[in-house]
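> Got work19.txt for you, compact mmCIF, C-alpha atoms:
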```txt
# COMPACT_ATOMS: atom_id res chain seq x y z
CA MET A 30 0.00 0.00 0.00
CA GLY A 31 1.43 3.36 -0.91
CA ASP A 32 1.59 6.55 1.11
CA ILE A 33 -1.85 7.90 0.34
CA ARG A 34 -1.28 10.83 2.66
CA ARG A 35 0.99 12.32 0.04
CA ARG A 36 -1.98 12.56 -2.26
CA GLY A 37 -4.15 15.07 -0.50
CA ALA A 38 -6.90 15.02 -3.07
CA VAL A 39 -7.60 11.39 -2.31
CA ALA A 40 -6.49 11.15 1.30
CA LEU A 41 -8.86 8.62 2.82
CA GLY A 42 -7.03 7.51 5.94
CA ILE A 43 -6.22 4.11 4.44
CA THR A 44 -4.11 1.56 6.26
CA SER A 45 -2.71 -1.08 3.96
CA LEU A 46 -3.31 -4.78 4.02
CA VAL A 47 -1.52 -5.91 0.90
CA ALA A 48 0.18 -8.95 -0.50
CA PRO A 49 3.92 -9.43 -0.26
CA VAL A 50 5.56 -10.05 -3.62
CA THR A 51 8.19 -12.53 -2.49
CA LEU A 52 7.85 -16.26 -2.45
CA ALA A 53 6.97 -18.01 0.78
CA ILE A 54 9.84 -18.14 3.25
CA GLY A 55 11.98 -21.15 2.58
CA THR A 56 11.32 -21.42 -1.14
CA ALA A 57 14.33 -23.04 -2.75
CA PRO A 58 15.41 -23.41 -6.36
CA ALA A 59 14.69 -26.77 -7.93
CA ASP A 60 18.36 -27.78 -7.89
CA ALA A 61 18.81 -26.84 -4.21
CA ALA A 62 16.39 -29.36 -2.70
CA SER A 63 16.75 -33.13 -2.66
CA CYS A 64 13.97 -35.26 -4.09
CA THR A 65 12.25 -37.45 -1.54
CA THR A 66 11.76 -41.16 -2.08
CA GLN A 67 8.76 -41.17 0.26
CA THR A 68 5.32 -41.91 -1.09
CA GLY A 69 2.85 -39.19 -0.11
CA PRO A 70 -0.74 -39.56 1.11
CA TYR A 71 -2.01 -38.01 -2.14
CA GLN A 72 0.34 -39.91 -4.43
CA LYS A 73 -2.28 -41.29 -6.82
CA GLN A 74 -4.17 -38.00 -7.10
CA VAL A 75 -0.96 -36.09 -7.78
CA GLU A 76 0.25 -38.65 -10.30
CA LYS A 77 -3.04 -38.41 -12.18
CA PHE A 78 -2.98 -34.61 -12.18
CA LEU A 79 0.56 -34.57 -13.60
CA GLY A 80 -0.15 -37.25 -16.21
CA ARG A 81 2.15 -39.73 -14.53
CA PRO A 82 1.54 -43.49 -14.33
CA VAL A 83 -0.95 -43.87 -11.47
CA ASP A 84 0.50 -46.61 -9.30
CA GLY A 85 0.55 -44.88 -5.92
CA ARG A 86 4.28 -45.40 -5.50
CA GLN A 87 6.89 -42.66 -5.56
CA SER A 88 9.47 -42.92 -8.33
CA ALA A 89 12.37 -40.67 -9.28
CA ALA A 90 10.38 -39.40 -12.26
CA ASP A 91 7.33 -38.78 -10.07
CA CYS A 92 9.42 -36.79 -7.65
CA GLU A 93 10.97 -34.66 -10.37
CA ALA A 94 7.54 -33.86 -11.83
CA ILE A 95 6.07 -33.01 -8.42
CA GLN A 96 9.10 -30.93 -7.48
CA ALA A 97 8.89 -28.95 -10.73
CA PHE A 98 5.21 -28.20 -10.02
CA GLN A 99 6.07 -27.12 -6.48
CA ASN A 100 8.79 -24.78 -7.66
CA ARG A 101 6.55 -23.21 -10.31
CA ASN A 102 3.97 -22.40 -7.67
CA GLY A 103 6.12 -21.52 -4.65
CA ILE A 104 5.12 -24.58 -2.62
CA THR A 105 7.58 -25.40 0.14
CA PRO A 106 9.42 -27.54 0.93
CA ALA A 107 9.91 -28.32 -2.76
CA ILE A 108 11.10 -31.90 -2.29
CA GLY A 109 8.63 -33.67 -4.56
CA TYR A 110 6.40 -34.99 -1.78
CA ALA A 111 2.73 -35.60 -2.66
CA GLY A 112 1.38 -34.02 0.50
CA PRO A 113 -1.80 -32.09 1.37
CA VAL A 114 -0.54 -28.65 0.35
CA THR A 115 0.54 -29.79 -3.10
CA TRP A 116 -2.65 -31.75 -3.68
CA GLY A 117 -4.72 -28.84 -2.33
CA VAL A 118 -3.28 -26.56 -5.01
CA MET A 119 -3.91 -29.14 -7.72
CA ASP A 120 -7.45 -29.80 -6.51
CA LEU A 121 -8.17 -26.06 -6.57
CA MET A 122 -6.84 -25.87 -10.13
CA ASN A 123 -9.19 -28.70 -11.11
CA GLN A 124 -12.15 -26.90 -9.53
CA GLN A 125 -11.24 -23.65 -11.29
CA LYS A 126 -10.99 -25.40 -14.64
CA ALA A 127 -14.39 -27.04 -14.11
CA VAL A 128 -16.05 -23.60 -13.85
CA GLY A 129 -15.50 -23.00 -17.56
CA THR A 130 -17.11 -19.84 -18.91
CA ASN A 131 -19.99 -19.69 -16.43
CA PRO A 132 -18.38 -18.46 -13.19
CA ASN A 133 -21.63 -17.02 -11.81
CA LYS A 134 -23.60 -20.24 -12.24
CA ASP A 135 -24.56 -20.08 -8.55
CA GLY A 136 -25.94 -16.55 -9.05
CA LYS A 137 -24.17 -15.20 -6.00
CA CYS A 138 -22.58 -12.20 -7.70
CA PRO A 139 -25.26 -9.52 -8.29
CA VAL A 140 -26.57 -9.18 -11.84
CA ASN A 141 -28.52 -5.97 -11.16
CA LYS A 142 -25.53 -3.64 -10.71
CA GLY A 143 -24.35 -3.23 -14.28
CA ARG A 144 -20.61 -3.70 -14.62
CA ILE A 145 -19.20 -5.39 -11.53
CA ALA A 146 -16.03 -7.23 -10.59
CA CYS A 147 -16.76 -10.50 -8.78
CA VAL A 148 -14.39 -12.39 -6.47
CA ASN A 149 -15.16 -15.96 -5.43
CA LEU A 150 -12.86 -16.62 -2.48
CA THR A 151 -13.77 -20.32 -2.29
CA LEU A 152 -12.59 -20.97 -5.84
CA GLN A 153 -10.00 -18.16 -5.92
CA LEU A 154 -11.51 -16.82 -9.11
CA SER A 155 -12.46 -13.36 -10.30
CA TRP A 156 -14.31 -12.07 -13.33
CA ILE A 157 -16.08 -8.97 -14.62
CA GLN A 158 -19.72 -9.15 -15.66
CA ASP A 159 -22.35 -6.71 -16.83
CA GLY A 160 -25.75 -8.01 -15.81
CA ASN A 161 -25.79 -11.61 -16.96
CA ARG A 162 -23.10 -11.00 -19.58
CA LEU A 163 -19.57 -12.16 -18.87
CA VAL A 164 -17.17 -9.35 -19.83
CA TYR A 165 -13.82 -10.86 -18.82
CA GLY A 166 -12.57 -13.97 -17.07
CA PRO A 167 -12.85 -15.97 -14.99
CA VAL A 168 -9.20 -15.68 -13.96
CA PRO A 169 -7.33 -17.20 -11.00
CA VAL A 170 -6.50 -14.81 -8.18
CA ARG A 171 -4.59 -14.96 -4.90
CA THR A 172 -6.48 -13.53 -1.93
CA GLY A 173 -5.86 -12.99 1.78
CA ARG A 174 -4.30 -15.67 3.94
CA GLN A 175 -5.45 -16.68 7.43
CA GLY A 176 -5.49 -13.62 9.66
CA PHE A 177 -5.55 -11.26 6.66
CA ALA A 178 -8.74 -12.35 4.92
CA THR A 179 -10.04 -10.43 1.95
CA ARG A 180 -13.24 -8.97 3.35
CA THR A 181 -16.54 -10.08 1.85
CA GLY A 182 -19.50 -8.02 0.73
CA LEU A 183 -20.44 -5.37 -1.81
CA LYS A 184 -17.72 -2.73 -2.32
CA GLN A 185 -16.84 0.05 -4.73
CA ILE A 186 -13.58 1.00 -6.36
CA TYR A 187 -12.74 4.30 -4.70
CA TRP A 188 -9.16 4.96 -5.83
CA ARG A 189 -6.82 3.78 -8.57
CA ASP A 190 -3.05 4.13 -8.77
CA LEU A 191 -1.20 2.74 -11.78
CA ASN A 192 2.25 2.63 -10.16
CA HIS A 193 1.41 2.23 -6.49
CA VAL A 194 4.07 1.25 -3.96
CA SER A 195 3.25 -0.15 -0.54
CA THR A 196 4.62 1.84 2.37
CA VAL A 197 3.90 -1.07 4.71
CA TYR A 198 5.83 -3.73 2.76
CA ASN A 199 7.85 -1.42 0.49
CA VAL A 200 6.90 -3.39 -2.61
CA PRO A 201 5.37 -2.31 -5.94
CA MET A 202 1.65 -2.84 -6.48
CA PRO A 203 1.10 -2.13 -10.19
CA TYR A 204 -2.40 -1.45 -11.48
CA SER A 205 -3.83 -0.98 -7.98
CA GLN A 206 -7.60 -0.52 -7.75
CA PHE A 207 -8.65 -0.07 -4.13
CA PHE A 208 -12.10 -1.20 -3.06
CA ASP A 209 -12.06 -1.73 0.72
CA GLY A 210 -9.86 -0.02 3.33
CA GLY A 211 -6.56 -0.70 1.62
CA GLN A 212 -7.52 -3.93 -0.12
CA ALA A 213 -7.08 -3.74 -3.86
CA PHE A 214 -6.79 -5.59 -7.12
CA HIS A 215 -3.16 -5.43 -8.25
CA SER A 216 -0.55 -7.47 -10.07
CA VAL A 217 2.24 -9.51 -8.48
CA GLY A 218 5.16 -11.49 -9.83
CA LEU A 219 4.00 -14.72 -8.22
CA SER A 220 2.07 -17.82 -9.14
CA MET A 221 -1.60 -17.31 -8.36
CA TRP A 222 -1.45 -20.58 -6.42
CA ASN A 223 1.52 -19.59 -4.24
CA PRO A 224 0.53 -20.39 -0.64
CA PRO A 225 -0.52 -19.20 1.82
CA GLY A 226 -1.95 -16.08 0.15
CA SER A 227 -1.84 -12.29 0.28
CA HIS A 228 -2.22 -9.84 3.15
CA GLY A 229 -5.73 -9.01 1.99
CA CYS A 230 -5.40 -7.77 -1.56
CA VAL A 231 -6.63 -9.63 -4.61
CA ASN A 232 -3.43 -10.53 -6.44
CA MET A 233 -3.53 -10.99 -10.20
CA THR A 234 -1.17 -11.72 -13.06
CA THR A 235 0.12 -8.66 -14.87
CA ALA A 236 -2.00 -9.43 -17.94
CA ASP A 237 -5.19 -9.77 -15.91
CA ALA A 238 -4.47 -6.71 -13.76
CA LYS A 239 -3.94 -4.66 -16.94
CA LYS A 240 -7.24 -5.87 -18.32
CA TYR A 241 -9.07 -5.01 -15.08
CA TRP A 242 -7.45 -1.57 -15.19
CA ALA A 243 -8.80 -1.02 -18.70
CA LEU A 244 -12.29 -2.37 -17.99
CA LEU A 245 -13.01 -0.85 -14.57
CA LYS A 246 -13.19 2.70 -13.26
CA THR A 247 -13.65 4.55 -9.99
CA GLY A 248 -17.16 3.93 -8.68
CA ASP A 249 -17.56 0.48 -10.21
CA ASP A 250 -18.89 -2.22 -7.90
CA VAL A 251 -16.92 -5.15 -6.50
CA PHE A 252 -18.55 -8.14 -4.84
CA VAL A 253 -16.49 -10.54 -2.73
CA TYR A 254 -18.00 -13.77 -1.39
CA GLY A 255 -17.12 -17.23 -0.17
CA ARG A 256 -14.18 -18.32 1.94
CA LYS A 257 -10.59 -19.01 0.89
CA PRO A 258 -9.53 -22.60 1.56
CA GLY A 259 -7.47 -22.81 4.74
CA THR A 260 -8.76 -19.59 6.31
```
The structure in this file should be written as structure tokens.

Amino acid sequence: MGDIRRRGAVALGITSLVAPVTLAIGTAPADAASCTTQTGPYQKQVEKFLGRPVDGRQSAADCEAIQAFQNRNGITPAIGYAGPVTWGVMDLMNQQKAVGTNPNKDGKCPVNKGRIACVNLTLQLSWIQDGNRLVYGPVPVRTGRQGFATRTGLKQIYWRDLNHVSTVYNVPMPYSQFFDGGQAFHSVGLSMWNPPGSHGCVNMTTADAKKYWALLKTGDDVFVYGRKPGT
């Protein structure tokens, strides 16, 4: 979150709850961690997700594939173990893929507000709709971790800052669009599935954050609902 006090015209007494833009503590490069020979409790599920032979037994090739997935998504320790965190990320990816092009099938995001940005915390998805018409998305997002939950309810974008910098974490927050007491849409240089999550903001890829910047404006509605897994 940037120093909003320096911008008198929009000084709103905001205190930032934003996402850090570094990988989870302990993240190691792929070549720095040894591959485990231990079979994990989610071995078969993980093997199936990665297109590996599903035999429920850890192999060197299984471990390398799992470890590569862990490193891509900032899952630690990246030792190729098919544990609950790794499977949880994969399971979430499967659920997101299953949504297809009808993210508001449950009708929980209002269709009587005109253009609105929707955030489904349960599925870690966001999209923009106008009435019943899907304008953009759905796209994966990274929301608040335990203790820093992205707050639910109907909000409005009240301030936008293209090149915002957080004064709390001293990190860039490009394409920031603030909608609730310091919580904002903005881009990060992380996997959207990097655990455990943000400090409250809705993290997006650069491409998606740019698109949201182009499609939304100050005063547009935002609706956040559901509950992030693990919070």
> With all atoms listed in the file as the atoms that count, which of A:Met233, A:Val83, A:Ala146, A:Val200 lies nearest to Gly248 of chain A?
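Of A:Met233, A:Val83, A:Ala146, A:Val200, the one nearest Gly248 of chain A, counting all atoms listed in the file, is A:Ala146.
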> Would you compute the distance between atom CA of Asp91 of chain A and atom CA of Ala62 of chain A? Give it in Å to one decimal.
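Between these atoms lies a distance of 15.0 Å.
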> Taking into account all atoms listed in the file, which residue in the set A:Phe252, A:Tyr165, A:Trp156, A:Trp242 is nearest to Tyr204 of chain A?
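Checking each candidate against Tyr204 of chain A, we get A:Trp242 as the closest.
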> Any idea what's packed within 9 Å of segment 182-193 of chain A, counting all atoms listed in the file, ignoring anything in its chain fewer than 2 positions away? Could you give it as a tab-separated table (two decimals) with C-alpha atoms, in the coordinates of the input?

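The file below, selection-v7.tsv, is the result:
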```tsv
chain	number	residue	atom	x	y	z
A	30	MET	CA	0.00	0.00	0.00
A	31	GLY	CA	1.43	3.36	-0.91
A	32	ASP	CA	1.59	6.55	1.11
A	39	VAL	CA	-7.60	11.39	-2.31
A	180	ARG	CA	-13.24	-8.97	3.35
A	195	SER	CA	3.25	-0.15	-0.54
A	200	VAL	CA	6.90	-3.39	-2.61
A	201	PRO	CA	5.37	-2.31	-5.94
A	202	MET	CA	1.65	-2.84	-6.48
A	203	PRO	CA	1.10	-2.13	-10.19
A	204	TYR	CA	-2.40	-1.45	-11.48
A	205	SER	CA	-3.83	-0.98	-7.98
A	206	GLN	CA	-7.60	-0.52	-7.75
A	207	PHE	CA	-8.65	-0.07	-4.13
A	208	PHE	CA	-12.10	-1.20	-3.06
A	209	ASP	CA	-12.06	-1.73	0.72
A	213	ALA	CA	-7.08	-3.74	-3.86
A	242	TRP	CA	-7.45	-1.57	-15.19
A	245	LEU	CA	-13.01	-0.85	-14.57
A	246	LYS	CA	-13.19	2.70	-13.26
A	247	THR	CA	-13.65	4.55	-9.99
A	248	GLY	CA	-17.16	3.93	-8.68
A	249	ASP	CA	-17.56	0.48	-10.21
A	250	ASP	CA	-18.89	-2.22	-7.90
A	251	VAL	CA	-16.92	-5.15	-6.50
A	252	PHE	CA	-18.55	-8.14	-4.84
A	253	VAL	CA	-16.49	-10.54	-2.73
A	254	TYR	CA	-18.00	-13.77	-1.39
```
> Might you pull out every residue within 7 Å of Ile104 of chain A, with only C-alpha atoms counted and same-chain residues fewer than 6 positions away left off, and present them as number ranges by chain?
A: 115, 223-224
> Kindly provide, as a PyMOL selection string, the polymer residues lying within 12 Å of (1.0, -37.3, -12.9), counting all atoms listed in the file and using the coordinates exactly as they appear in the file.
chain A and resi 71-88+90-98+109+111+116+119
> Compare A:Thr66, A:Asn141, A:Ser155, A:Thr196 by their minimum atom-to-atom distance to Asp237 of chain A, counting all atoms listed in the file, and give me the closest one.
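Once distances to Asp237 of chain A are computed over all atoms listed in the file, the minimum belongs to A:Ser155.
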> Let me have the centre and edge lengths in Å, one decimal, of the box along x, y and z around every listed atom of segment 180-186 of chain A with 5 Å of margin on each side, as lines of an AutoDock Vina configuration file.

```
center_x = -16.8
center_y = -4.5
center_z = -1.5
size_x = 17.2
size_y = 21.1
size_z = 19.7
```
> My list of candidates is A:Phe214, A:Pro106, A:Asn199, A:Gln158. Which is closest to Lys239 of chain A when distances are computed with only C-alpha atoms?
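Smallest separation from Lys239 of chain A among the options: A:Phe214.
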